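Enquirer: Sharing coords-v1.tsv, TSV, C-alpha atoms and all ligand atoms:
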chain	number	residue	atom	x	y	z
A	1	MET	CA	100.23	105.00	87.74
A	2	ARG	CA	96.53	104.68	88.51
A	3	ILE	CA	94.91	107.79	89.93
A	4	VAL	CA	92.44	107.56	92.82
A	5	LYS	CA	90.12	110.54	93.19
A	6	VAL	CA	88.53	111.13	96.58
A	7	ARG	CA	86.18	114.13	96.69
A	8	ASN	CA	88.28	116.87	95.05
A	9	VAL	CA	91.70	115.33	95.66
A	10	GLU	CA	93.62	113.14	93.19
A	11	PHE	CA	96.13	110.65	94.56
A	12	GLY	CA	98.84	109.35	92.23
A	13	THR	CA	99.40	112.49	90.19
A	14	ASP	CA	101.09	115.86	90.66
A	15	ARG	CA	102.82	116.69	93.94
A	16	PRO	CA	102.31	114.40	96.95
A	17	LYS	CA	99.22	115.33	98.95
A	18	ILE	CA	99.66	116.49	102.54
A	19	ALA	CA	97.74	114.61	105.23
A	20	VAL	CA	97.66	116.29	108.62
A	21	PRO	CA	96.94	113.98	111.57
A	22	ILE	CA	94.49	114.69	114.38
A	23	THR	CA	95.61	113.15	117.66
A	24	GLY	CA	93.10	114.65	120.12
A	25	LYS	CA	91.81	112.55	123.02
A	26	SER	CA	88.40	114.16	123.48
A	27	SER	CA	85.75	115.08	120.97
A	28	ASP	CA	86.27	118.79	121.74
A	29	ASP	CA	90.04	118.56	121.22
A	30	ILE	CA	89.52	116.70	117.95
A	31	ILE	CA	87.20	119.36	116.57
A	32	LYS	CA	89.49	122.17	117.73
A	33	GLN	CA	92.44	120.49	116.02
A	34	ALA	CA	90.42	120.17	112.80
A	35	GLU	CA	89.57	123.88	112.91
A	36	THR	CA	93.24	124.79	113.36
A	37	ILE	CA	94.24	122.51	110.49
A	38	MET	CA	91.59	124.03	108.21
A	39	SER	CA	92.75	127.54	108.98
A	40	SER	CA	96.40	126.59	108.30
A	41	ASP	CA	95.44	126.06	104.66
A	42	ASN	CA	98.22	123.49	104.21
A	43	ALA	CA	96.33	120.19	104.37
A	44	ASP	CA	94.94	118.34	101.35
A	45	LEU	CA	93.29	115.87	103.69
A	46	ILE	CA	93.00	115.11	107.39
A	47	GLU	CA	93.91	111.83	109.04
A	48	TRP	CA	91.86	111.19	112.17
A	49	ARG	CA	93.89	108.84	114.37
A	50	ILE	CA	91.02	107.32	116.31
A	51	ASP	CA	93.34	105.19	118.46
A	52	PHE	CA	94.07	108.46	120.34
A	53	PHE	CA	90.33	109.12	120.91
A	54	ASP	CA	89.32	108.06	124.43
A	55	GLN	CA	85.74	107.20	123.35
A	56	VAL	CA	86.67	105.25	120.24
A	57	GLU	CA	84.88	102.14	121.46
A	58	ASP	CA	81.58	104.01	121.86
A	59	ALA	CA	80.04	103.71	118.37
A	60	GLU	CA	77.62	106.58	118.91
A	61	LYS	CA	80.33	109.00	120.05
A	62	LEU	CA	82.59	107.90	117.23
A	63	VAL	CA	79.98	108.62	114.56
A	64	GLU	CA	78.86	111.84	116.26
A	65	THR	CA	82.45	113.14	116.26
A	66	ALA	CA	82.93	112.09	112.63
A	67	LYS	CA	79.82	114.09	111.68
A	68	LYS	CA	81.11	117.15	113.52
A	69	LEU	CA	84.43	116.77	111.74
A	70	ARG	CA	82.66	116.72	108.39
A	71	GLN	CA	80.98	120.03	109.23
A	72	VAL	CA	84.34	121.62	109.96
A	73	MET	CA	86.10	120.04	106.98
A	74	GLY	CA	83.70	120.95	104.17
A	75	GLU	CA	84.75	118.98	101.07
A	76	MET	CA	88.19	117.96	102.32
A	77	PRO	CA	88.71	114.17	102.35
A	78	LEU	CA	88.87	112.41	105.73
A	79	LEU	CA	91.10	109.39	106.31
A	80	THR	CA	90.24	107.46	109.46
A	81	THR	CA	92.91	105.28	111.05
A	82	PHE	CA	92.90	102.99	114.05
A	83	ARG	CA	96.60	102.25	114.45
A	84	THR	CA	96.88	99.12	116.56
A	85	HIS	CA	99.32	98.91	119.46
A	86	PHE	CA	101.19	96.19	117.61
A	87	GLU	CA	101.97	98.62	114.75
A	88	GLY	CA	102.89	101.62	116.92
A	89	GLY	CA	99.43	102.92	117.87
A	90	VAL	CA	98.10	104.07	121.22
A	91	LYS	CA	95.43	101.60	122.25
A	92	GLU	CA	95.30	97.84	122.46
A	93	LEU	CA	92.20	96.16	120.96
A	94	SER	CA	91.28	92.61	120.07
A	95	GLU	CA	91.10	91.83	116.37
A	96	GLU	CA	87.32	91.51	116.70
A	97	GLU	CA	87.05	94.98	118.28
A	98	TYR	CA	89.29	96.42	115.56
A	99	PHE	CA	87.03	95.09	112.81
A	100	ASP	CA	83.87	96.16	114.70
A	101	ILE	CA	85.12	99.77	114.66
A	102	CYS	CA	85.88	99.51	110.93
A	103	ARG	CA	82.34	98.24	110.34
A	104	VAL	CA	80.73	101.10	112.29
A	105	LEU	CA	82.65	103.65	110.21
A	106	ILE	CA	81.68	101.95	106.96
A	107	LYS	CA	78.01	101.39	107.81
A	108	GLU	CA	77.60	105.03	108.85
A	109	LYS	CA	79.66	106.29	105.89
A	110	ALA	CA	81.62	108.22	108.51
A	111	THR	CA	84.83	108.50	106.48
A	112	ASP	CA	86.09	108.81	102.88
A	113	LEU	CA	89.15	106.63	103.31
A	114	LEU	CA	89.77	103.89	105.84
A	115	ASP	CA	93.18	102.62	106.94
A	116	LEU	CA	93.32	98.83	107.19
A	117	GLU	CA	96.38	97.01	108.47
A	118	LEU	CA	97.73	94.28	106.23
A	119	PHE	CA	98.66	91.85	108.99
A	120	ARG	CA	95.14	91.12	110.22
A	121	LYS	CA	93.00	88.07	109.46
A	122	THR	CA	92.91	87.77	105.65
A	123	SER	CA	89.28	86.63	105.33
A	124	LYS	CA	88.12	89.55	107.52
A	125	LEU	CA	90.22	92.03	105.56
A	126	LYS	CA	88.59	90.93	102.33
A	127	GLU	CA	85.10	91.24	103.86
A	128	ILE	CA	85.83	94.75	105.16
A	129	ILE	CA	87.28	95.88	101.83
A	130	ALA	CA	84.17	94.63	99.98
A	131	GLU	CA	81.87	96.39	102.47
A	132	ALA	CA	83.86	99.61	102.22
A	133	HIS	CA	83.70	99.59	98.43
A	134	GLU	CA	79.92	98.97	98.47
A	135	ASN	CA	79.69	102.17	100.53
A	136	ASN	CA	82.08	104.17	98.31
A	137	ILE	CA	84.81	104.23	100.94
A	138	TYR	CA	88.41	103.85	99.75
A	139	ILE	CA	90.87	101.57	101.49
A	140	ILE	CA	94.45	102.51	102.33
A	141	MET	CA	96.09	99.27	103.34
A	142	SER	CA	99.06	99.75	105.63
A	143	ASN	CA	102.00	98.17	107.33
A	144	HIS	CA	104.43	99.67	109.86
A	145	ASP	CA	107.76	98.57	111.23
A	146	PHE	CA	108.93	100.85	114.06
A	147	ASP	CA	112.24	99.03	114.62
A	148	LYS	CA	113.77	98.32	111.26
A	149	THR	CA	113.52	98.36	107.48
A	150	PRO	CA	112.77	95.00	105.87
A	151	ALA	CA	114.63	94.04	102.67
A	152	THR	CA	113.50	95.70	99.45
A	153	SER	CA	112.04	92.41	98.17
A	154	GLU	CA	109.96	92.07	101.35
A	155	LEU	CA	108.72	95.67	101.08
A	156	GLU	CA	107.68	94.94	97.50
A	157	ARG	CA	105.99	91.70	98.54
A	158	ARG	CA	103.92	93.50	101.18
A	159	LEU	CA	102.85	96.28	98.80
A	160	THR	CA	101.88	93.68	96.19
A	161	LEU	CA	99.86	91.73	98.76
A	162	MET	CA	97.90	94.88	99.64
A	163	LYS	CA	96.98	95.41	96.00
A	164	THR	CA	96.02	91.73	95.63
A	165	TYR	CA	93.63	92.03	98.57
A	166	GLY	CA	91.92	94.96	96.86
A	167	ALA	CA	93.48	98.04	98.48
A	168	ASP	CA	92.92	101.30	96.59
A	169	ILE	CA	96.19	102.70	97.93
A	170	ALA	CA	99.10	100.74	99.46
A	171	LYS	CA	101.12	102.22	102.32
A	172	ILE	CA	104.27	101.18	104.15
A	173	ALA	CA	106.20	102.96	106.92
A	174	VAL	CA	109.54	101.70	108.22
A	175	MET	CA	112.25	102.73	110.65
A	176	PRO	CA	115.64	103.17	108.98
A	177	ASN	CA	118.83	102.42	110.90
A	178	SER	CA	121.16	103.52	108.09
A	179	ALA	CA	121.20	105.55	104.89
A	180	ARG	CA	121.07	102.21	103.04
A	181	ASP	CA	117.71	101.44	104.69
A	182	VAL	CA	116.37	104.77	103.40
A	183	LEU	CA	117.62	103.90	99.92
A	184	ASN	CA	116.00	100.47	100.10
A	185	LEU	CA	112.62	102.02	100.96
A	186	LEU	CA	112.98	104.45	98.05
A	187	LEU	CA	114.08	101.65	95.73
A	188	ALA	CA	111.03	99.54	96.61
A	189	THR	CA	108.83	102.60	95.96
A	190	ASP	CA	110.41	103.34	92.60
A	191	ASN	CA	110.28	99.65	91.58
A	192	MET	CA	106.59	99.33	92.38
A	193	LYS	CA	105.23	102.68	91.22
A	194	TYR	CA	104.38	101.48	87.70
A	195	LYS	CA	104.39	97.73	88.31
A	196	LEU	CA	101.54	97.78	90.82
A	197	ASN	CA	99.09	100.14	89.11
A	198	CYS	CA	98.03	101.38	92.54
A	199	PRO	CA	99.02	104.66	94.22
A	200	LEU	CA	101.62	104.13	96.93
A	201	ILE	CA	102.43	105.87	100.19
A	202	THR	CA	105.86	105.09	101.59
A	203	MET	CA	108.05	106.67	104.19
A	204	ALA	CA	111.04	106.00	106.38
A	205	MET	CA	110.42	107.45	109.85
A	206	GLY	CA	112.68	109.43	112.18
A	207	ASP	CA	115.19	112.13	111.22
A	208	LEU	CA	117.10	109.78	108.95
A	209	GLY	CA	113.97	109.15	106.92
A	210	LYS	CA	112.86	112.79	106.49
A	211	VAL	CA	114.12	112.83	102.91
A	212	THR	CA	111.43	110.25	102.05
A	213	ARG	CA	108.71	112.61	103.29
A	214	ILE	CA	109.64	115.27	100.73
A	215	SER	CA	110.66	113.20	97.70
A	216	GLY	CA	107.41	111.38	96.86
A	217	GLU	CA	107.00	113.06	93.49
A	218	VAL	CA	110.39	111.74	92.36
A	219	PHE	CA	110.11	108.18	93.68
A	220	GLY	CA	106.35	107.54	93.59
A	221	SER	CA	104.76	108.18	96.98
A	222	CYS	CA	101.44	110.00	96.54
A	223	LEU	CA	100.96	111.29	100.08
A	224	THR	CA	103.07	112.60	102.94
A	225	PHE	CA	102.11	113.28	106.54
A	226	GLY	CA	102.82	116.79	107.83
A	227	THR	CA	102.00	118.41	111.15
A	228	VAL	CA	99.88	121.27	112.40
A	229	GLY	CA	100.69	120.91	116.10
A	230	ASP	CA	101.31	117.37	117.31
A	231	ALA	CA	102.97	114.69	115.18
A	232	SER	CA	101.59	111.15	114.92
A	233	ALA	CA	104.93	109.53	114.05
A	234	PRO	CA	108.64	110.42	114.29
A	235	GLY	CA	110.12	112.54	111.52
A	236	GLN	CA	106.96	114.28	110.31
A	237	ILE	CA	107.67	117.79	109.03
A	238	GLU	CA	105.66	120.89	109.96
A	239	SER	CA	103.08	121.40	107.20
A	240	THR	CA	103.91	124.98	106.08
A	241	ASN	CA	107.53	123.98	105.71
A	242	LEU	CA	106.57	120.71	104.03
A	243	LYS	CA	104.33	122.42	101.48
A	244	GLY	CA	107.14	124.88	100.63
A	245	ILE	CA	109.64	122.06	100.11
A	246	LEU	CA	107.20	120.01	97.99
A	247	ASN	CA	106.56	123.05	95.80
A	248	THR	CA	110.30	123.69	95.47
A	249	LEU	CA	110.94	120.08	94.43
A	250	LYS	CA	108.01	120.04	92.01
A	251	PHE	CA	108.76	119.26	88.36
A	252	ASP	CA	106.74	119.08	85.12
B	301	LIG	O1	100.59	105.27	108.45
B	301	LIG	C1	100.84	106.39	108.83
B	301	LIG	C2	102.13	106.99	108.58
B	301	LIG	C3	102.74	107.55	109.83
B	301	LIG	O2	103.14	106.49	110.66
B	301	LIG	C4	104.01	108.37	109.47
B	301	LIG	O3	105.09	107.83	109.63
B	301	LIG	O4	103.87	109.51	109.02
B	301	LIG	C5	101.75	108.46	110.55
B	301	LIG	C6	100.45	107.76	110.85
B	301	LIG	O5	99.54	108.65	111.47
B	301	LIG	C7	99.85	107.20	109.59
B	301	LIG	O6	98.72	106.42	109.88
Now, as a test, write the supplied structure out as structure tokens.
Expert:
Amino acid sequence: MRIVKVRNVEFGTDRPKIAVPITGKSSDDIIKQAETIMSSDNADLIEWRIDFFDQVEDAEKLVETAKKLRQVMGEMPLLTTFRTHFEGGVKELSEEEYFDICRVLIKEKATDLLDLELFRKTSKLKEIIAEAHENNIYIIMSNHDFDKTPATSELERRLTLMKTYGADIAKIAVMPNSARDVLNLLLATDNMKYKLNCPLITMAMGDLGKVTRISGEVFGSCLTFGTVGDASAPGQIESTNLKGILNTLKFD
């Protein structure tokens, strides 16, 4: 599998990296959360969920908060994500507004990794990916289904599409309604881990899917989301616990 190195963290090798989400609404809350995460010593990277931030549409405030985060985070990679309402996020934005926010983050080099949702306008996605790469920002392309788990072939098709568009890492999150759905997500992951030559992040959400959040090293998911405080999706495991389990399941 290809390895993607962002600052001092390698994705696609060794145990899955732990991303801890920040879900604060105000700039102060966001910085406080980052400080708590840093002192927990469990995170390999932080995901800033900017759809929770009540000033996300104010470019100046967005960049100012990103700069403060960088001061708190030292050399730890920052993933910035605007999760749209359509894919389970907090705030509703037009497609144009969504891409405007991506552009601000890229132009100001305000993040190391940017989440980009697959099901947006293709021509725009390609433009944003090119701009991100010119500015040394990595793209995690993503897709979320909060109701169900698509068929394995469809999961594989979506992951392949992400890679074709130029994603550095391809991510898919689904909601399982049966153990078979969980297996299908894991099967798609295992099928694509060598085929795609692109690190993958996959998970089944909710309690039923928890096993997918700890088994990435076996099946080929390079990152798992764990909590310090609030969760950003159902089924996320507390980060101290998560780190212990990942280390227990580690193999050579
Ligand atoms: O894409 C994802 C995955 C996620 O939905 C999860 O299930 O852990 C959590 C989100 O914050 C993140 O952007």
Enquirer: Measuring between all atoms listed in the file, which one of A:Ile31, A:Ile128, A:Leu161, A:Ile18 shows the shortest distance to ligand LIG 301 (chain B)?
Expert: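 Nearest to ligand LIG 301 (chain B): A:Ile18.
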Enquirer: Name all residues at most 9 Å from Glu117 (chain A) (count only C-alpha atoms; drop same-chain ones fewer than 2 positions away) and give them as a PDB file with C-alpha atoms, in the frame of the given file.
Expert:
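Final output, saved to part_1.pdb:
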ATOM      1  CA  PHE A  82      92.900 102.990 114.050  1.00  0.00           C
ATOM      2  CA  ARG A  83      96.600 102.250 114.450  1.00  0.00           C
ATOM      3  CA  THR A  84      96.880  99.120 116.560  1.00  0.00           C
ATOM      4  CA  GLU A  87     101.970  98.620 114.750  1.00  0.00           C
ATOM      5  CA  ASP A 115      93.180 102.620 106.940  1.00  0.00           C
ATOM      6  CA  PHE A 119      98.660  91.850 108.990  1.00  0.00           C
ATOM      7  CA  ARG A 120      95.140  91.120 110.220  1.00  0.00           C
ATOM      8  CA  LEU A 125      90.220  92.030 105.560  1.00  0.00           C
ATOM      9  CA  ILE A 140      94.450 102.510 102.330  1.00  0.00           C
ATOM     10  CA  MET A 141      96.090  99.270 103.340  1.00  0.00           C
ATOM     11  CA  SER A 142      99.060  99.750 105.630  1.00  0.00           C
ATOM     12  CA  ASN A 143     102.000  98.170 107.330  1.00  0.00           C
ATOM     13  CA  HIS A 144     104.430  99.670 109.860  1.00  0.00           C
TER      14      HIS A 144
END
Enquirer: Taking all atoms of region 5-9 of chain A that the file lists and extending 8 Å past them on each side, where is the centre of the axis-aligned box and how long are its edges? Answer in Å to one decimal, as lines of an AutoDock Vina configuration file.
Expert:
center_x = 88.9
center_y = 113.7
center_z = 94.9
size_x = 21.5
size_y = 22.3
size_z = 19.5
Enquirer: Wanna dump the chain A-ligand LIG 301 (chain B) contacts at 6 Å for me, each residue with its shortest atom pair and the distance in Å to one decimal, counting only C-alpha atoms and all ligand atoms, ordered by chain and number, as CSV?
Expert:
residue,atom,partner,partner_atom,distance
A:Pro21,CA,B:LIG301,O5,5.9
A:Ala173,CA,B:LIG301,O3,5.7
A:Met205,CA,B:LIG301,O3,5.3
A:Phe225,CA,B:LIG301,O4,4.8
A:Ser232,CA,B:LIG301,O5,4.7
A:Ala233,CA,B:LIG301,O3,4.7
A:Gln236,CA,B:LIG301,O4,5.8
Enquirer: Smallest atom-to-atom distance to Gly88 (chain A): which of A:Cys222, A:Leu208, A:Met38, A:Val174, using only C-alpha atoms?
Expert: A:Val174
Enquirer: Residues within 12 Å of Ile37 (chain A), please, as a PyMOL selection string. Count all atoms listed in the file; anything in the same chain fewer than 5 positions from it doesn't count.
Expert: chain A and resi 18-23+30-32+42-48+69+72-73+76+226-230+238-240
Enquirer: Using only C-alpha atoms, give me every residue within 12 Å of (111.3, 94.0, 107.7) in file coordinates, as number ranges by chain.
Expert: A: 143-158, 172-177, 181, 184-185
Enquirer: Rounded to one decimal, what separation in Å do you get between CA of Asn247 (chain A) and CA of Leu223 (chain A)?
Expert: 13.7 Å
Enquirer: Just the residues within 12 Å of Arg103 (chain A), please, counting all atoms listed in the file, with nothing from its chain fewer than 2 positions along; format it as number ranges by chain.
Expert: A: 59, 62-63, 96-101, 105-111, 114, 116, 124-125, 127-132, 135, 137
